[in-house]
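Written below as structure tokens is the structure these notes are about.
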Amino acid sequence: MKVVIACGGTGGHLFPGLAVAEVLRTRRHQVRLLVSEKAVDQTALALLTNSSDPSERIVVNAVPAVGYEGARKLVRFCVRLARATRGCAAVCNEFEPDVVLGMGGFTSAPAVFGARWFRKRGTATLVHESNAVPGKANRWAGRFADHVAVGLADCARFFGHKPVTVTGTPIRAALRRGKVADARARLGLKTNRLTVLVAGGSQGAHAINEAVAFALPWLKGRTEALQFVHLTGTNDEQFVRESYEKSGFEANVMSFCSQMELAYSAADVVVARSGAATLTEIATFGLPAILIPYSHAAGNHQWHNARVFERANAAWLVEQAQLDVTHGGGGKRLAQVLNKVLDDEAGRAKMAMAARALAVDDAADRIVTLLEQYGKQTTIN
């Protein structure tokens, strides 16, 4: 079976798409990836999919960015969408896939449209939505897709009478818990300290970086017992590193981490955004979390994602508005929540169990099984 996976734009689309590709390859299917031209996609792919064996490399095609910017730029959007759709259709006509899977984001809709409108032999189309509230691209693409897979049951209601399967959100095979002491040693950390992982997503989050920096003075009594792994994104790396140095905290500060299994294995607590891929990883590793939803996310989906974890008692939800760092107030609020979590070992254990209960370990396998079902129907037809 031949499968095209459109999964570019952010790590939240790319990494789950790669997880599905991994399973497809193990089941001896052919895979083609459609990603964006953004630097985050190209950097992550260079780190994660390169292989010395050419037969093991996944073929990747770039799709022009297509983001809806409002009615005033509608003509520009339509032109770019048409161009991207033609590009995806060209890939389909050359590769002749049995199934096209859109993982959300601005590469997803052109891929589904390209397969539906320009397909040669009845290519099936599926979309996967990992968030509690679907983005615009998947709302559009879902109308044309043959089947919709969702990461969270809360999302199914948005797709009307379309056939929907709750699969969970896929996670790469490499992201599995290792030994804590080994992970901390490999990250250059002390093996016997409580460890906080700060992660703002694949591109970092300035508001979280700033809030943590302002929180450090409120945590100064913990300098001998607490350490950090902090993923900053490119722009804030130096500023965050200097903040830890000034405060006296041990920290491994990185703009991007290609071995997230080490970061999660080393952590006792996570401070993070609440994108679906991040939450899937937190659940898989069974980690208590302080979630700070991105307040401008489409449909406020990160807040709805975080509420799923908060309702399950797996996380604290802190609004970004509470982290206004004017006069250090935001830092104090974050430090208060961190102190509550760090001081309550039994509570952390309960949160960890609640997070682990939200994990769906075979999400990629479930999606591939769906793809195989539709691919078989395509072959028969």
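For the structure tokens, the naming scheme is as follows: chains receive sequential letters (A, B, ...) according to their order of presentation, residues are indexed from 1 within each chain, and ligands are indexed from 1 in presentation order.
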Give me the residues of stretch 217-238 of chain A that have any atom at most 7 Å from an atom of stretch 179-201 of chain A; for each, the nearest atom pair and the distance in Å, rounded to one decimal. Use only C-alpha atoms, sort by chain and number, and format it as CSV.
residue,atom,partner,partner_atom,distance
A:Ala225,CA,A:Arg193,CA,5.2
A:Leu226,CA,A:Leu194,CA,4.9
A:Gln227,CA,A:Thr195,CA,5.0
A:Phe228,CA,A:Val196,CA,4.8
A:Val229,CA,A:Leu197,CA,4.7
A:His230,CA,A:Val198,CA,4.6
A:Leu231,CA,A:Ala199,CA,5.1
A:Thr232,CA,A:Gly200,CA,6.8
Go ahead and write the selection's residues with N, CA and C atoms as a PDB file, in the first residue's frame.
ATOM      1  N   ALA A 225      18.388  21.718  45.630  1.00  0.00           N
ATOM      2  CA  ALA A 225      17.527  20.537  45.526  1.00  0.00           C
ATOM      3  C   ALA A 225      16.768  20.449  44.209  1.00  0.00           C
ATOM      4  N   LEU A 226      16.861  21.507  43.390  1.00  0.00           N
ATOM      5  CA  LEU A 226      16.041  21.581  42.182  1.00  0.00           C
ATOM      6  C   LEU A 226      16.917  21.929  40.978  1.00  0.00           C
ATOM      7  N   GLN A 227      16.585  21.335  39.833  1.00  0.00           N
ATOM      8  CA  GLN A 227      17.291  21.638  38.592  1.00  0.00           C
ATOM      9  C   GLN A 227      16.295  21.616  37.432  1.00  0.00           C
ATOM     10  N   PHE A 228      16.737  22.132  36.283  1.00  0.00           N
ATOM     11  CA  PHE A 228      15.829  22.322  35.161  1.00  0.00           C
ATOM     12  C   PHE A 228      16.421  21.775  33.860  1.00  0.00           C
ATOM     13  N   VAL A 229      15.521  21.283  33.009  1.00  0.00           N
ATOM     14  CA  VAL A 229      15.798  21.116  31.593  1.00  0.00           C
ATOM     15  C   VAL A 229      14.862  22.089  30.891  1.00  0.00           C
ATOM     16  N   HIS A 230      15.410  23.012  30.116  1.00  0.00           N
ATOM     17  CA  HIS A 230      14.582  24.085  29.567  1.00  0.00           C
ATOM     18  C   HIS A 230      14.805  24.179  28.067  1.00  0.00           C
ATOM     19  N   LEU A 231      13.727  23.955  27.311  1.00  0.00           N
ATOM     20  CA  LEU A 231      13.754  24.057  25.851  1.00  0.00           C
ATOM     21  C   LEU A 231      13.153  25.399  25.468  1.00  0.00           C
ATOM     22  N   THR A 232      13.976  26.275  24.918  1.00  0.00           N
ATOM     23  CA  THR A 232      13.608  27.682  24.808  1.00  0.00           C
ATOM     24  C   THR A 232      13.101  28.122  23.448  1.00  0.00           C
TER      25      THR A 232
END
DSSP on the backbone, then: every residue of stretch 228-287 of chain A marked helix (DSSP H, G or I), written as a PyMOL selection string. chain A and resi 237-247+260-266+276-285
Could you dump the residues just selected with N, CA and C atoms as a compact mmCIF listing (two decimals), in the first residue's frame?
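Generated output (again_13.txt):
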# COMPACT_ATOMS: atom_id res chain seq x y z
N GLU A 237 17.22 31.52 23.92
CA GLU A 237 18.18 30.61 24.54
C GLU A 237 19.18 31.33 25.44
N GLN A 238 19.78 32.39 24.94
CA GLN A 238 20.81 33.09 25.71
C GLN A 238 20.22 33.76 26.94
N PHE A 239 19.09 34.42 26.76
CA PHE A 239 18.42 35.10 27.88
C PHE A 239 18.06 34.13 29.00
N VAL A 240 17.52 32.97 28.64
CA VAL A 240 17.13 31.99 29.65
C VAL A 240 18.37 31.40 30.34
N ARG A 241 19.41 31.10 29.57
CA ARG A 241 20.63 30.55 30.17
C ARG A 241 21.21 31.53 31.20
N GLU A 242 21.25 32.79 30.86
CA GLU A 242 21.78 33.80 31.78
C GLU A 242 20.92 33.91 33.03
N SER A 243 19.60 33.73 32.90
CA SER A 243 18.70 33.81 34.06
C SER A 243 19.02 32.70 35.06
N TYR A 244 19.25 31.48 34.57
CA TYR A 244 19.60 30.39 35.46
C TYR A 244 20.96 30.63 36.12
N GLU A 245 21.92 31.12 35.35
CA GLU A 245 23.25 31.37 35.90
C GLU A 245 23.19 32.42 37.02
N LYS A 246 22.43 33.48 36.81
CA LYS A 246 22.30 34.53 37.82
C LYS A 246 21.61 34.04 39.08
N SER A 247 20.65 33.12 38.92
CA SER A 247 19.87 32.66 40.07
C SER A 247 20.55 31.52 40.82
N MET A 260 13.90 13.85 23.01
CA MET A 260 12.94 14.19 24.04
C MET A 260 12.73 13.06 25.04
N GLU A 261 13.03 11.83 24.65
CA GLU A 261 12.90 10.72 25.60
C GLU A 261 13.82 10.94 26.81
N LEU A 262 14.97 11.56 26.61
CA LEU A 262 15.86 11.86 27.74
C LEU A 262 15.25 12.95 28.62
N ALA A 263 14.74 14.01 27.99
CA ALA A 263 14.16 15.12 28.75
C ALA A 263 12.98 14.66 29.59
N TYR A 264 12.09 13.86 29.01
CA TYR A 264 10.92 13.38 29.76
C TYR A 264 11.33 12.38 30.83
N SER A 265 12.27 11.50 30.52
CA SER A 265 12.71 10.50 31.50
C SER A 265 13.37 11.16 32.70
N ALA A 266 14.05 12.28 32.48
CA ALA A 266 14.74 12.97 33.57
C ALA A 266 13.81 13.75 34.47
N ALA A 276 -1.59 19.31 21.56
CA ALA A 276 -1.97 17.90 21.69
C ALA A 276 -0.78 16.97 21.70
N ALA A 277 0.23 17.23 20.87
CA ALA A 277 1.40 16.34 20.84
C ALA A 277 2.14 16.38 22.16
N THR A 278 2.29 17.57 22.73
CA THR A 278 2.95 17.69 24.03
C THR A 278 2.18 16.92 25.10
N LEU A 279 0.86 17.06 25.11
CA LEU A 279 0.06 16.36 26.11
C LEU A 279 0.13 14.85 25.93
N THR A 280 0.18 14.41 24.69
CA THR A 280 0.32 12.97 24.43
C THR A 280 1.61 12.45 25.02
N GLU A 281 2.69 13.21 24.85
CA GLU A 281 3.99 12.80 25.39
C GLU A 281 3.98 12.83 26.92
N ILE A 282 3.37 13.84 27.50
CA ILE A 282 3.27 13.93 28.96
C ILE A 282 2.50 12.73 29.51
N ALA A 283 1.42 12.36 28.84
CA ALA A 283 0.63 11.20 29.28
C ALA A 283 1.43 9.91 29.14
N THR A 284 2.11 9.76 28.03
CA THR A 284 2.89 8.54 27.80
C THR A 284 3.95 8.35 28.88
N PHE A 285 4.59 9.44 29.30
CA PHE A 285 5.62 9.34 30.32
C PHE A 285 5.07 9.44 31.74
As a ChimeraX atom specification, please: every residue in stretch 86-329 of chain A that DSSP puts in strand (DSSP E). /A:99-102,124-129,147-150,164-166,194-199,226-231,250-254,269-272,289-291,315-317
When you count only C-alpha atoms, which of these residues is closest to A:Ala321: A:Val269, A:Leu334, A:Leu24, A:Ala215?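 Once distances to A:Ala321 are computed over only C-alpha atoms, the minimum belongs to A:Leu334.
Pairwise distance (atom CA of A:Trp218, atom CA of A:Val341) equals 14.6 Å.
If you count only C-alpha atoms and ignore residues fewer than 3 places along the chain from A:Trp303, what sits within 6 Å of it is Pro293, Asn300 and Ala306 of chain A.
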Tell me which of A:Arg25, A:Arg116, A:His128, A:Arg348 sits closest to A:Met1, counting only C-alpha atoms. A:Arg25
Quick one: residues within 8 Å of A:Pro288, only C-alpha atoms counted, chain neighbours fewer than 3 positions away excluded, as a list in words? Asp268, Val269, Val270, Ile282, Ala314, Ala315, Arg348, Ala349, Met351, Ala352 and Ala355 of chain A
With C-alpha atoms retained, export the selected residues as a compact mmCIF listing (two decimals), in the first residue's frame.
# COMPACT_ATOMS: atom_id res chain seq x y z
CA ASP A 268 9.64 14.96 37.80
CA VAL A 269 7.36 17.81 36.69
CA VAL A 270 6.67 19.46 33.33
CA ILE A 282 3.27 13.93 28.96
CA ALA A 314 -3.36 15.16 35.90
CA ALA A 315 -2.34 18.82 35.66
CA ARG A 348 2.69 14.24 42.28
CA ALA A 349 2.33 10.47 42.28
CA MET A 351 -1.09 13.28 39.09
CA ALA A 352 1.39 10.99 37.36
CA ALA A 355 -1.70 11.41 33.32
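The nearest approach to A:Val308 among the residues A:Gly248, A:Gly178, A:Gly151, A:Pro170, with only C-alpha atoms taken into account, belongs to A:Gly151.
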Smallest atom-to-atom distance to A:Asp365: which of A:Gly275, A:Gly122, A:Gly347, A:Pro16, using only C-alpha atoms? A:Pro16
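Interatomic distance, atom CA of A:Val75 against atom CA of A:Thr125: 26.5 Å.
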Near-A:Gly375 list (8 Å; only C-alpha atoms; drop same-chain fewer than 5 positions) as a VMD selection string: chain A and resid 1 98 to 99 123 to 124
Could you save those same residues with all heavy atoms as a JSON list (two decimals), in the first residue's frame?
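What ended up in part_22.json:
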[["chain", "number", "residue", "atom", "x", "y", "z"],
["A", 1, "MET", "N", 0.84, -1.18, 0.00],
["A", 1, "MET", "CA", 0.00, 0.00, 0.00],
["A", 1, "MET", "C", 0.89, 1.25, 0.00],
["A", 1, "MET", "O", 1.93, 1.28, 0.66],
["A", 1, "MET", "CB", -0.90, -0.01, 1.24],
["A", 1, "MET", "CG", -1.85, 1.19, 1.35],
["A", 1, "MET", "SD", -2.96, 1.07, 2.77],
["A", 1, "MET", "CE", -1.82, 1.37, 4.12],
["A", 98, "ASP", "N", -2.59, 5.00, -2.33],
["A", 98, "ASP", "CA", -3.89, 4.39, -2.07],
["A", 98, "ASP", "C", -4.68, 5.22, -1.06],
["A", 98, "ASP", "O", -5.91, 5.27, -1.10],
["A", 98, "ASP", "CB", -3.70, 2.97, -1.52],
["A", 98, "ASP", "CG", -3.00, 2.07, -2.51],
["A", 98, "ASP", "OD1", -3.61, 1.74, -3.53],
["A", 98, "ASP", "OD2", -1.83, 1.71, -2.27],
["A", 99, "VAL", "N", -3.94, 5.88, -0.13],
["A", 99, "VAL", "CA", -4.57, 6.68, 0.92],
["A", 99, "VAL", "C", -3.74, 7.93, 1.15],
["A", 99, "VAL", "O", -2.51, 7.89, 1.12],
["A", 99, "VAL", "CB", -4.67, 5.89, 2.25],
["A", 99, "VAL", "CG1", -5.51, 6.68, 3.26],
["A", 99, "VAL", "CG2", -5.24, 4.51, 2.05],
["A", 123, "THR", "N", -8.24, 7.49, -4.78],
["A", 123, "THR", "CA", -7.47, 7.55, -3.54],
["A", 123, "THR", "C", -8.37, 7.90, -2.36],
["A", 123, "THR", "O", -9.13, 8.86, -2.40],
["A", 123, "THR", "CB", -6.36, 8.61, -3.66],
["A", 123, "THR", "OG1", -5.53, 8.28, -4.76],
["A", 123, "THR", "CG2", -5.52, 8.66, -2.39],
["A", 124, "ALA", "N", -8.28, 7.12, -1.29],
["A", 124, "ALA", "CA", -9.05, 7.40, -0.07],
["A", 124, "ALA", "C", -8.37, 8.52, 0.71],
["A", 124, "ALA", "O", -7.16, 8.72, 0.63],
["A", 124, "ALA", "CB", -9.14, 6.14, 0.79]]
To one decimal place, how far is atom CA of A:His304 from atom CA of A:Ser274 in Å? 8.8 Å
